[in-house]
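Trainee: Have a look at the structure that comes next, please.
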Amino acid sequence: MSKVAIIGLGHVGSTTAYTLVSRDLIDELVLFDKHEKIVTAQYKDLKDGQVGLNSHVDIIRPDLSELKDTDIIIFSAGKIAVQQGSGNRFDELNYTKKVAEEWGPKIKESGFNGILINITNPCDVIARHLQELSGLPKNHVFGTGTSLDTARMKQAVSDKLGVHANSVHGHVFGEHGMTQFVPWTKVRIENTILSDKLTQEEQDDLENQAKQNGVDIFFGKGFTCYGIANQAALIVQTVLSDSKKVMPVSVFNEQEGIYIGEPAMIGADGIEKIYPLDFTDKEQAKWDASVASIKEMYAAI
């Protein structure tokens with residue numbers, strides 16, 4: 001029996017919930033949100049949404065005692081409206097750090113001993129804050145990080161070169177934010193390294209397009225949901241199946257002392273391996289800028 005809890009049932013949390021249910025990835029789903037009416041509405045809607053499916057997921061109303069035997073917590077609590085208009089990540093941090101500080105001790109007191117996956121932004125900073133507040137092992141707490149950014153990069157390459165996005169191999173590194181970057185020397189389609197195929201201008205255009213797509217989605221409808229819900233569901237599936245898949249997520253980097261997006265092997269024990277970094281001088285400079293950005297934000301807590 002697999003059991004997942006979602007904390008925060010806004011656009012992201014609710015879409016993630018339905019993605020898990022519709023793909024039949026779990027057996028039980030516990031719903032948490034500070035608004036009781038939202039919990040009730042999502043509880044009823046998710047039950048209705050299963051009618052006719054050849055599977056069944058038990059939907060459970062909020063009860064902290066349920067966390068003790070929960071396998072995975074998805075933390076998606078926040079208030080996206082805080083960032084609308086300004087787009088300022090510090091405005092969002094001022095709100096979400098308080099939400100993390102409310103839930104971290106509750107998670108600790110519940111006896112939860114599973115895997116905590118953070119979606120809430122700023123993803124890298126909140127992942128670290130939740131780890132410290134919950135007292136869970138560092139490898140059991142990680143963020144979705146640059147998994148969504150990587151998907152957007154692959155889609156941008158797909159659109160330009162006319163190849164399926166899944167045929168693009170490589171990752172976005174660094175902050176889940178504006179200092180993220182693509183090391184094109186490590187992105188390939190089969191045996192073709194894209195830094196050899198694309199001009200510098202084309203590389204920059206694709207990297208900017210991947211970022212811009214996220215901006216267009218956010219300011220176009222006020223939030224994002226499908227892309228991040230897909231990545232969260234893929235991560236949950238990877239943990240529950242112990243499939244040892246390598247994904248770009250926000251993990252604790254011992255050398256830098258922060259959570260940051262980089263490829264890691266994910267299994268039943270959470271983060272099971274982090275791969276050594278090997279950057280060109282130009283890529284290293286971008287990595288250092290991303291590290292500095294995350295550290296600056298964490299210092300604001």
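Please note that chains go A, B, ... in the order of the structure tokens, that every chain numbers its residues from 1, and that ligands are numbered from 1 in the order shown.
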Skip Gly104 of chain A itself and residues of its chain fewer than 2 positions away, then list as an MDAnalysis selection string all residues within 12 Å of it, counting only C-alpha atoms.
Mentor: chainID A and resid 7 73 75 77 96:102 106:112 116 118 126:136 141
Trainee: Save the residues we just selected, N, CA and C atoms, as a short mmCIF file (atom, residue, chain, number, x, y, z; two decimals), in the first residue's frame?
Mentor:
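The result, stored in out13.cif:
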```
data_model
loop_
_atom_site.label_atom_id
_atom_site.label_comp_id
_atom_site.auth_asym_id
_atom_site.auth_seq_id
_atom_site.Cartn_x
_atom_site.Cartn_y
_atom_site.Cartn_z
N ILE A 7 0.24 18.71 1.03
CA ILE A 7 0.00 19.87 1.89
C ILE A 7 -0.08 21.10 1.00
N ILE A 73 5.38 12.95 1.47
CA ILE A 73 4.65 14.21 1.60
C ILE A 73 5.06 15.10 0.44
N PHE A 75 4.90 18.90 -0.53
CA PHE A 75 4.65 20.20 0.08
C PHE A 75 4.46 21.23 -1.02
N ALA A 77 2.29 24.10 -0.38
CA ALA A 77 1.56 25.20 0.26
C ALA A 77 2.21 26.52 -0.11
N THR A 96 6.07 32.30 2.11
CA THR A 96 6.22 30.84 2.15
C THR A 96 7.12 30.37 3.29
N LYS A 97 8.06 31.19 3.73
CA LYS A 97 8.90 30.77 4.86
C LYS A 97 8.05 30.61 6.12
N LYS A 98 7.01 31.42 6.25
CA LYS A 98 6.12 31.32 7.40
C LYS A 98 5.27 30.05 7.32
N VAL A 99 4.88 29.70 6.09
CA VAL A 99 4.11 28.47 5.90
C VAL A 99 4.98 27.26 6.25
N ALA A 100 6.24 27.30 5.81
CA ALA A 100 7.16 26.22 6.13
C ALA A 100 7.38 26.12 7.64
N GLU A 101 7.49 27.26 8.28
CA GLU A 101 7.70 27.29 9.73
C GLU A 101 6.48 26.81 10.50
N GLU A 102 5.31 26.90 9.89
CA GLU A 102 4.10 26.35 10.51
C GLU A 102 4.07 24.84 10.38
N LYS A 106 5.06 20.50 12.68
CA LYS A 106 3.94 19.55 12.66
C LYS A 106 4.37 18.23 12.02
N ILE A 107 5.13 18.32 10.96
CA ILE A 107 5.63 17.11 10.30
C ILE A 107 6.53 16.34 11.25
N LYS A 108 7.37 17.05 11.96
CA LYS A 108 8.29 16.41 12.91
C LYS A 108 7.52 15.73 14.04
N GLU A 109 6.53 16.42 14.59
CA GLU A 109 5.77 15.90 15.72
C GLU A 109 4.87 14.72 15.32
N SER A 110 4.52 14.64 14.05
CA SER A 110 3.62 13.58 13.60
C SER A 110 4.28 12.20 13.58
N GLY A 111 5.61 12.19 13.61
CA GLY A 111 6.32 10.92 13.51
C GLY A 111 6.59 10.50 12.08
N PHE A 112 6.35 11.39 11.14
CA PHE A 112 6.60 11.10 9.73
C PHE A 112 8.06 10.73 9.52
N LEU A 116 10.07 13.67 1.84
CA LEU A 116 9.40 14.97 1.72
C LEU A 116 9.87 15.65 0.43
N ASN A 118 9.47 18.93 -1.89
CA ASN A 118 8.99 20.31 -1.87
C ASN A 118 8.80 20.86 -3.28
N ILE A 126 13.21 26.86 0.31
CA ILE A 126 12.17 26.24 1.16
C ILE A 126 12.49 24.78 1.42
N ALA A 127 13.09 24.08 0.46
CA ALA A 127 13.49 22.68 0.68
C ALA A 127 14.47 22.61 1.85
N ARG A 128 15.45 23.49 1.86
CA ARG A 128 16.43 23.51 2.96
C ARG A 128 15.76 23.87 4.28
N HIS A 129 14.87 24.86 4.24
CA HIS A 129 14.19 25.30 5.46
C HIS A 129 13.34 24.16 6.04
N LEU A 130 12.64 23.43 5.17
CA LEU A 130 11.81 22.31 5.62
C LEU A 130 12.66 21.19 6.20
N GLN A 131 13.80 20.93 5.60
CA GLN A 131 14.68 19.88 6.12
C GLN A 131 15.13 20.22 7.53
N GLU A 132 15.52 21.45 7.73
CA GLU A 132 16.01 21.87 9.05
C GLU A 132 14.89 21.87 10.08
N LEU A 133 13.69 22.30 9.66
CA LEU A 133 12.57 22.37 10.59
C LEU A 133 12.00 21.00 10.94
N SER A 134 12.02 20.09 9.97
CA SER A 134 11.44 18.76 10.19
C SER A 134 12.42 17.80 10.85
N GLY A 135 13.71 18.07 10.71
CA GLY A 135 14.73 17.18 11.28
C GLY A 135 14.92 15.90 10.50
N LEU A 136 14.32 15.82 9.32
CA LEU A 136 14.47 14.63 8.48
C LEU A 136 15.88 14.58 7.87
N VAL A 141 14.71 14.72 2.06
CA VAL A 141 14.04 15.98 1.74
C VAL A 141 14.68 16.57 0.49
#
```
Trainee: Please provide the set of residues having any atom within 9 Å of Asn139 of chain A, restricted to only C-alpha atoms, with same-chain residues fewer than 4 positions apart removed, written as JSON, numbers by chain.
Mentor: {"A": [115, 251, 252, 269, 270, 271, 272]}
Trainee: Those residues you just picked out, can you put them in a file as a compact mmCIF listing (two decimals), in the first residue's frame with C-alpha atoms?
Mentor:
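Produced file selection.txt, reproduced below:
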```txt
# COMPACT_ATOMS: atom_id res chain seq x y z
CA ILE A 115 10.26 11.27 1.82
CA VAL A 251 19.30 18.37 -3.43
CA PHE A 252 21.66 19.25 -0.62
CA ASP A 269 15.53 5.99 0.15
CA GLY A 270 15.14 9.39 -1.49
CA ILE A 271 18.32 10.86 -2.92
CA GLU A 272 20.63 7.87 -3.28
```
Trainee: Within 12 Å of Asp48 of chain A, counting only C-alpha atoms, which residues qualify if same-chain residues fewer than 4 places away don't, as a list in words?
Mentor: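 In the requested form, the answer reads Tyr18, Val21, Ser22, Ala41, Gln42, Tyr43, Lys44, Gly52, Leu53, His56, Val57, Asp58 and Ile59 of chain A.
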Trainee: Write the residues of the selection above to a file with N, CA and C atoms, as a PDB file, in the first residue's frame.
Mentor:
```pdb
ATOM      1  N   TYR A  18      -4.756  15.164  -8.700  1.00  0.00           N
ATOM      2  CA  TYR A  18      -5.502  14.477  -9.752  1.00  0.00           C
ATOM      3  C   TYR A  18      -4.582  13.680 -10.671  1.00  0.00           C
ATOM      4  N   VAL A  21      -3.885  10.446  -8.933  1.00  0.00           N
ATOM      5  CA  VAL A  21      -5.084   9.602  -8.919  1.00  0.00           C
ATOM      6  C   VAL A  21      -5.372   9.034 -10.307  1.00  0.00           C
ATOM      7  N   SER A  22      -5.343   9.891 -11.319  1.00  0.00           N
ATOM      8  CA  SER A  22      -5.714   9.451 -12.665  1.00  0.00           C
ATOM      9  C   SER A  22      -4.707   8.468 -13.252  1.00  0.00           C
ATOM     10  N   ALA A  41     -14.007  20.464  -0.897  1.00  0.00           N
ATOM     11  CA  ALA A  41     -14.285  20.516  -2.329  1.00  0.00           C
ATOM     12  C   ALA A  41     -13.372  19.566  -3.098  1.00  0.00           C
ATOM     13  N   GLN A  42     -12.082  19.590  -2.789  1.00  0.00           N
ATOM     14  CA  GLN A  42     -11.149  18.717  -3.497  1.00  0.00           C
ATOM     15  C   GLN A  42     -11.400  17.251  -3.154  1.00  0.00           C
ATOM     16  N   TYR A  43     -11.738  16.985  -1.914  1.00  0.00           N
ATOM     17  CA  TYR A  43     -12.074  15.623  -1.474  1.00  0.00           C
ATOM     18  C   TYR A  43     -13.215  15.061  -2.326  1.00  0.00           C
ATOM     19  N   LYS A  44     -14.279  15.842  -2.475  1.00  0.00           N
ATOM     20  CA  LYS A  44     -15.441  15.384  -3.228  1.00  0.00           C
ATOM     21  C   LYS A  44     -15.145  15.309  -4.725  1.00  0.00           C
ATOM     22  N   GLY A  52     -15.646   5.543 -13.132  1.00  0.00           N
ATOM     23  CA  GLY A  52     -15.405   5.059 -14.480  1.00  0.00           C
ATOM     24  C   GLY A  52     -13.976   4.619 -14.725  1.00  0.00           C
ATOM     25  N   LEU A  53     -13.064   4.978 -13.820  1.00  0.00           N
ATOM     26  CA  LEU A  53     -11.682   4.541 -13.963  1.00  0.00           C
ATOM     27  C   LEU A  53     -11.558   3.076 -13.536  1.00  0.00           C
ATOM     28  N   HIS A  56      -8.697   2.639  -8.154  1.00  0.00           N
ATOM     29  CA  HIS A  56      -9.307   3.360  -7.039  1.00  0.00           C
ATOM     30  C   HIS A  56      -8.242   3.821  -6.057  1.00  0.00           C
ATOM     31  N   VAL A  57      -8.327   5.091  -5.664  1.00  0.00           N
ATOM     32  CA  VAL A  57      -7.450   5.662  -4.647  1.00  0.00           C
ATOM     33  C   VAL A  57      -8.328   6.153  -3.502  1.00  0.00           C
ATOM     34  N   ASP A  58      -8.015   5.734  -2.288  1.00  0.00           N
ATOM     35  CA  ASP A  58      -8.745   6.216  -1.120  1.00  0.00           C
ATOM     36  C   ASP A  58      -8.338   7.654  -0.823  1.00  0.00           C
ATOM     37  N   ILE A  59      -9.293   8.562  -0.792  1.00  0.00           N
ATOM     38  CA  ILE A  59      -9.038   9.966  -0.491  1.00  0.00           C
ATOM     39  C   ILE A  59      -9.343  10.173   0.992  1.00  0.00           C
TER      40      ILE A  59
END
```
Trainee: How many Å separate atom CA of Ala233 of chain A from atom CA of Lys186 of chain A?
Mentor: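 Atom CA of Ala233 of chain A sits 25.5 Å away from atom CA of Lys186 of chain A.
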Trainee: Quick check for you: according to DSSP on this backbone, which residues of segment 52-196 of chain A are classed as alpha helix (DSSP H)? Reply as a PyMOL selection string.
Mentor: chain A and resi 89-110+123-134+147-161+194-196
Trainee: Suppose you want the space between atom CA of Ala229 of chain A and atom CA of Thr185 of chain A; what is it in Å?
Mentor: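 For atom CA of Ala229 of chain A relative to atom CA of Thr185 of chain A, the distance reads 28.7 Å.
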Trainee: Would you mind telling me which residue in A:Pro122, A:Gly261, A:Gly214, A:Pro183 lies nearest to Ile301 of chain A when using only C-alpha atoms?
Mentor: A:Pro122
Trainee: Using only C-alpha atoms, can you tell me which of A:Met297, A:Ile119, A:Ala268, A:Ile260 comes closest to Ser243 of chain A?
Mentor: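 With only C-alpha atoms as the atom set, the closest residue is A:Ala268.
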Trainee: So, counting only C-alpha atoms, which residue among A:Phe219, A:Phe32, A:Trp103, A:Phe181 is closest to Gln284 of chain A?
Mentor: A:Phe181
Trainee: Within segment 2-236 of chain A, find each residue whose DSSP state, derived from the backbone, is strand (DSSP E), and express the selection as a PyMOL selection string.
Mentor: chain A and resi 3-7+28-32+58-60+72-75+115-118+141-143+168-169+188-189+192-193
Trainee: Might you pull out every residue within 10 Å of segment 197-208 of chain A, with only C-alpha atoms counted and same-chain residues fewer than 6 positions away left off, and present them as a CSV table (one decimal) with all heavy atoms, in the first residue's frame?
Mentor:
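Writing done, so here's selection-v4.csv:
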```csv
chain,number,residue,atom,x,y,z
A,149,ASP,N,12.2,23.0,-15.2
A,149,ASP,CA,13.0,23.8,-16.1
A,149,ASP,C,13.6,23.0,-17.2
A,149,ASP,O,13.7,23.4,-18.4
A,149,ASP,CB,14.1,24.6,-15.3
A,149,ASP,CG,13.5,25.4,-14.2
A,149,ASP,OD1,12.6,26.2,-14.4
A,149,ASP,OD2,13.9,25.1,-13.0
A,152,ARG,N,11.1,22.2,-19.8
A,152,ARG,CA,10.9,23.3,-20.7
A,152,ARG,C,12.0,23.5,-21.7
A,152,ARG,O,11.8,23.9,-22.8
A,152,ARG,CB,10.7,24.6,-19.9
A,152,ARG,CG,9.4,24.7,-19.1
A,152,ARG,CD,9.3,25.8,-18.1
A,152,ARG,NE,7.9,25.9,-17.5
A,152,ARG,CZ,7.7,26.5,-16.4
A,152,ARG,NH1,8.6,27.1,-15.8
A,152,ARG,NH2,6.4,26.6,-16.0
A,153,MET,N,13.2,23.2,-21.2
A,153,MET,CA,14.4,23.3,-22.1
A,153,MET,C,14.2,22.2,-23.2
A,153,MET,O,14.4,22.5,-24.4
A,153,MET,CB,15.7,23.0,-21.3
A,153,MET,CG,16.9,23.0,-22.2
A,153,MET,SD,17.4,21.3,-22.8
A,153,MET,CE,17.9,20.5,-21.3
A,154,LYS,N,13.9,21.0,-22.8
A,154,LYS,CA,13.7,19.9,-23.8
A,154,LYS,C,12.6,20.2,-24.8
A,154,LYS,O,12.7,19.9,-26.0
A,154,LYS,CB,13.4,18.6,-23.1
A,154,LYS,CG,14.6,18.0,-22.3
A,154,LYS,CD,14.2,16.7,-21.6
A,154,LYS,CE,15.4,16.1,-20.9
A,154,LYS,NZ,15.1,14.8,-20.3
A,155,GLN,N,11.5,20.9,-24.3
A,155,GLN,CA,10.4,21.3,-25.2
A,155,GLN,C,10.9,22.3,-26.2
A,155,GLN,O,10.5,22.3,-27.4
A,155,GLN,CB,9.2,21.7,-24.4
A,155,GLN,CG,8.0,21.9,-25.3
A,155,GLN,CD,7.6,20.7,-26.0
A,155,GLN,OE1,7.4,19.6,-25.4
A,155,GLN,NE2,7.5,20.7,-27.3
A,156,ALA,N,11.7,23.3,-25.7
A,156,ALA,CA,12.2,24.3,-26.6
A,156,ALA,C,13.1,23.7,-27.7
A,156,ALA,O,13.0,24.1,-28.9
A,156,ALA,CB,13.0,25.4,-25.8
A,157,VAL,N,14.0,22.8,-27.3
A,157,VAL,CA,14.8,22.1,-28.3
A,157,VAL,C,14.0,21.3,-29.3
A,157,VAL,O,14.2,21.3,-30.5
A,157,VAL,CB,15.9,21.2,-27.6
A,157,VAL,CG1,16.6,20.4,-28.6
A,157,VAL,CG2,16.8,22.0,-26.8
A,159,ASP,N,10.9,21.9,-30.2
A,159,ASP,CA,10.2,22.7,-31.2
A,159,ASP,C,11.2,23.2,-32.3
A,159,ASP,O,10.8,23.4,-33.4
A,159,ASP,CB,9.6,23.9,-30.4
A,159,ASP,CG,8.5,23.6,-29.5
A,159,ASP,OD1,7.9,22.5,-29.7
A,159,ASP,OD2,8.2,24.4,-28.6
A,160,LYS,N,12.4,23.5,-31.9
A,160,LYS,CA,13.4,24.0,-32.9
A,160,LYS,C,13.9,22.9,-33.8
A,160,LYS,O,14.0,23.2,-35.0
A,160,LYS,CB,14.6,24.6,-32.2
A,160,LYS,CG,15.6,25.2,-33.1
A,160,LYS,CD,16.7,25.9,-32.4
A,160,LYS,CE,17.8,26.5,-33.4
A,160,LYS,NZ,17.2,27.4,-34.3
A,172,VAL,N,18.9,21.1,-16.9
A,172,VAL,CA,19.1,22.4,-16.4
A,172,VAL,C,19.6,22.3,-15.0
A,172,VAL,O,19.1,21.5,-14.2
A,172,VAL,CB,17.8,23.2,-16.5
A,172,VAL,CG1,18.0,24.6,-15.9
A,172,VAL,CG2,17.2,23.3,-17.9
A,178,MET,N,15.8,32.6,-11.9
A,178,MET,CA,16.3,33.2,-13.1
A,178,MET,C,17.8,32.9,-13.3
A,178,MET,O,18.3,33.2,-14.4
A,178,MET,CB,16.1,34.8,-12.9
A,178,MET,CG,14.7,35.2,-13.0
A,178,MET,SD,13.8,34.5,-14.4
A,178,MET,CE,14.6,35.3,-15.8
A,180,GLN,N,19.1,29.9,-13.2
A,180,GLN,CA,19.3,28.6,-13.8
A,180,GLN,C,20.0,28.6,-15.1
A,180,GLN,O,20.0,29.7,-15.8
A,180,GLN,CB,17.9,27.9,-14.0
A,180,GLN,CG,17.1,28.7,-15.1
A,180,GLN,CD,15.7,28.1,-15.3
A,180,GLN,OE1,15.5,27.5,-16.3
A,180,GLN,NE2,14.8,28.3,-14.3
A,181,PHE,N,20.7,27.6,-15.5
A,181,PHE,CA,21.4,27.6,-16.8
A,181,PHE,C,21.5,26.2,-17.4
A,181,PHE,O,21.3,25.2,-16.7
A,181,PHE,CB,22.8,28.1,-16.5
A,181,PHE,CG,23.7,27.2,-15.7
A,181,PHE,CD1,24.7,26.4,-16.4
A,181,PHE,CD2,23.7,27.2,-14.3
A,181,PHE,CE1,25.5,25.6,-15.6
A,181,PHE,CE2,24.5,26.4,-13.6
A,181,PHE,CZ,25.4,25.6,-14.2
A,182,VAL,N,21.8,26.2,-18.7
A,182,VAL,CA,21.9,24.9,-19.4
A,182,VAL,C,23.4,24.7,-19.8
A,182,VAL,O,23.9,25.5,-20.6
A,182,VAL,CB,21.0,24.9,-20.7
A,182,VAL,CG1,21.1,23.6,-21.4
A,182,VAL,CG2,19.6,25.2,-20.3
A,183,PRO,N,24.0,23.7,-19.3
A,183,PRO,CA,25.4,23.4,-19.8
A,183,PRO,C,25.3,22.6,-21.1
A,183,PRO,O,25.1,21.4,-21.1
A,183,PRO,CB,26.0,22.5,-18.7
A,183,PRO,CG,24.8,21.9,-18.0
A,183,PRO,CD,23.6,22.8,-18.3
A,184,TRP,N,25.3,23.3,-22.3
A,184,TRP,CA,25.0,22.7,-23.5
A,184,TRP,C,26.0,21.7,-23.9
A,184,TRP,O,25.8,20.8,-24.8
A,184,TRP,CB,24.9,23.8,-24.6
A,184,TRP,CG,23.7,24.6,-24.4
A,184,TRP,CD1,23.6,25.9,-23.9
A,184,TRP,CD2,22.3,24.3,-24.7
A,184,TRP,NE1,22.3,26.4,-23.9
A,184,TRP,CE2,21.5,25.4,-24.4
A,184,TRP,CE3,21.7,23.2,-25.3
A,184,TRP,CZ2,20.1,25.4,-24.5
A,184,TRP,CZ3,20.3,23.2,-25.4
A,184,TRP,CH2,19.5,24.3,-25.1
A,188,ARG,N,22.4,16.4,-25.3
A,188,ARG,CA,22.7,15.7,-26.6
A,188,ARG,C,21.3,15.1,-27.1
A,188,ARG,O,20.4,14.9,-26.4
A,188,ARG,CB,23.7,14.5,-26.4
A,188,ARG,CG,23.2,13.5,-25.4
A,188,ARG,CD,24.2,12.3,-25.3
A,188,ARG,NE,23.8,11.4,-24.3
A,188,ARG,CZ,22.9,10.4,-24.5
A,188,ARG,NH1,22.4,10.2,-25.7
A,188,ARG,NH2,22.6,9.6,-23.5
```
Trainee: Write out as a PDB file with N, CA and C atoms, in the first residue's frame the residues lying within 8 Å of Asn121 of chain A, counting only C-alpha atoms and excluding same-chain residues fewer than 3 positions away.
Mentor:
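Output saved as result.pdb:
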```
ATOM      1  N   GLY A  78       1.398  27.494  -0.406  1.00  0.00           N
ATOM      2  CA  GLY A  78       1.920  28.812  -0.758  1.00  0.00           C
ATOM      3  C   GLY A  78       0.792  29.724  -1.185  1.00  0.00           C
ATOM      4  N   ARG A  89      10.680  37.307  -6.149  1.00  0.00           N
ATOM      5  CA  ARG A  89      10.795  36.066  -5.384  1.00  0.00           C
ATOM      6  C   ARG A  89      10.900  36.339  -3.892  1.00  0.00           C
ATOM      7  N   GLU A  92       7.519  36.455  -2.328  1.00  0.00           N
ATOM      8  CA  GLU A  92       6.993  35.109  -2.127  1.00  0.00           C
ATOM      9  C   GLU A  92       7.658  34.441  -0.933  1.00  0.00           C
ATOM     10  N   LEU A  93       8.975  34.619  -0.801  1.00  0.00           N
ATOM     11  CA  LEU A  93       9.711  34.013   0.308  1.00  0.00           C
ATOM     12  C   LEU A  93       9.182  34.494   1.649  1.00  0.00           C
ATOM     13  N   THR A  96       6.074  32.300   2.111  1.00  0.00           N
ATOM     14  CA  THR A  96       6.223  30.843   2.151  1.00  0.00           C
ATOM     15  C   THR A  96       7.123  30.366   3.290  1.00  0.00           C
ATOM     16  N   ASP A 124      14.443  25.902  -3.821  1.00  0.00           N
ATOM     17  CA  ASP A 124      15.706  25.482  -3.197  1.00  0.00           C
ATOM     18  C   ASP A 124      15.795  25.940  -1.746  1.00  0.00           C
ATOM     19  N   VAL A 125      15.350  27.152  -1.499  1.00  0.00           N
ATOM     20  CA  VAL A 125      15.426  27.729  -0.151  1.00  0.00           C
ATOM     21  C   VAL A 125      14.425  27.060   0.786  1.00  0.00           C
ATOM     22  N   ILE A 126      13.206  26.858   0.308  1.00  0.00           N
ATOM     23  CA  ILE A 126      12.172  26.243   1.157  1.00  0.00           C
ATOM     24  C   ILE A 126      12.493  24.776   1.415  1.00  0.00           C
TER      25      ILE A 126
END
```
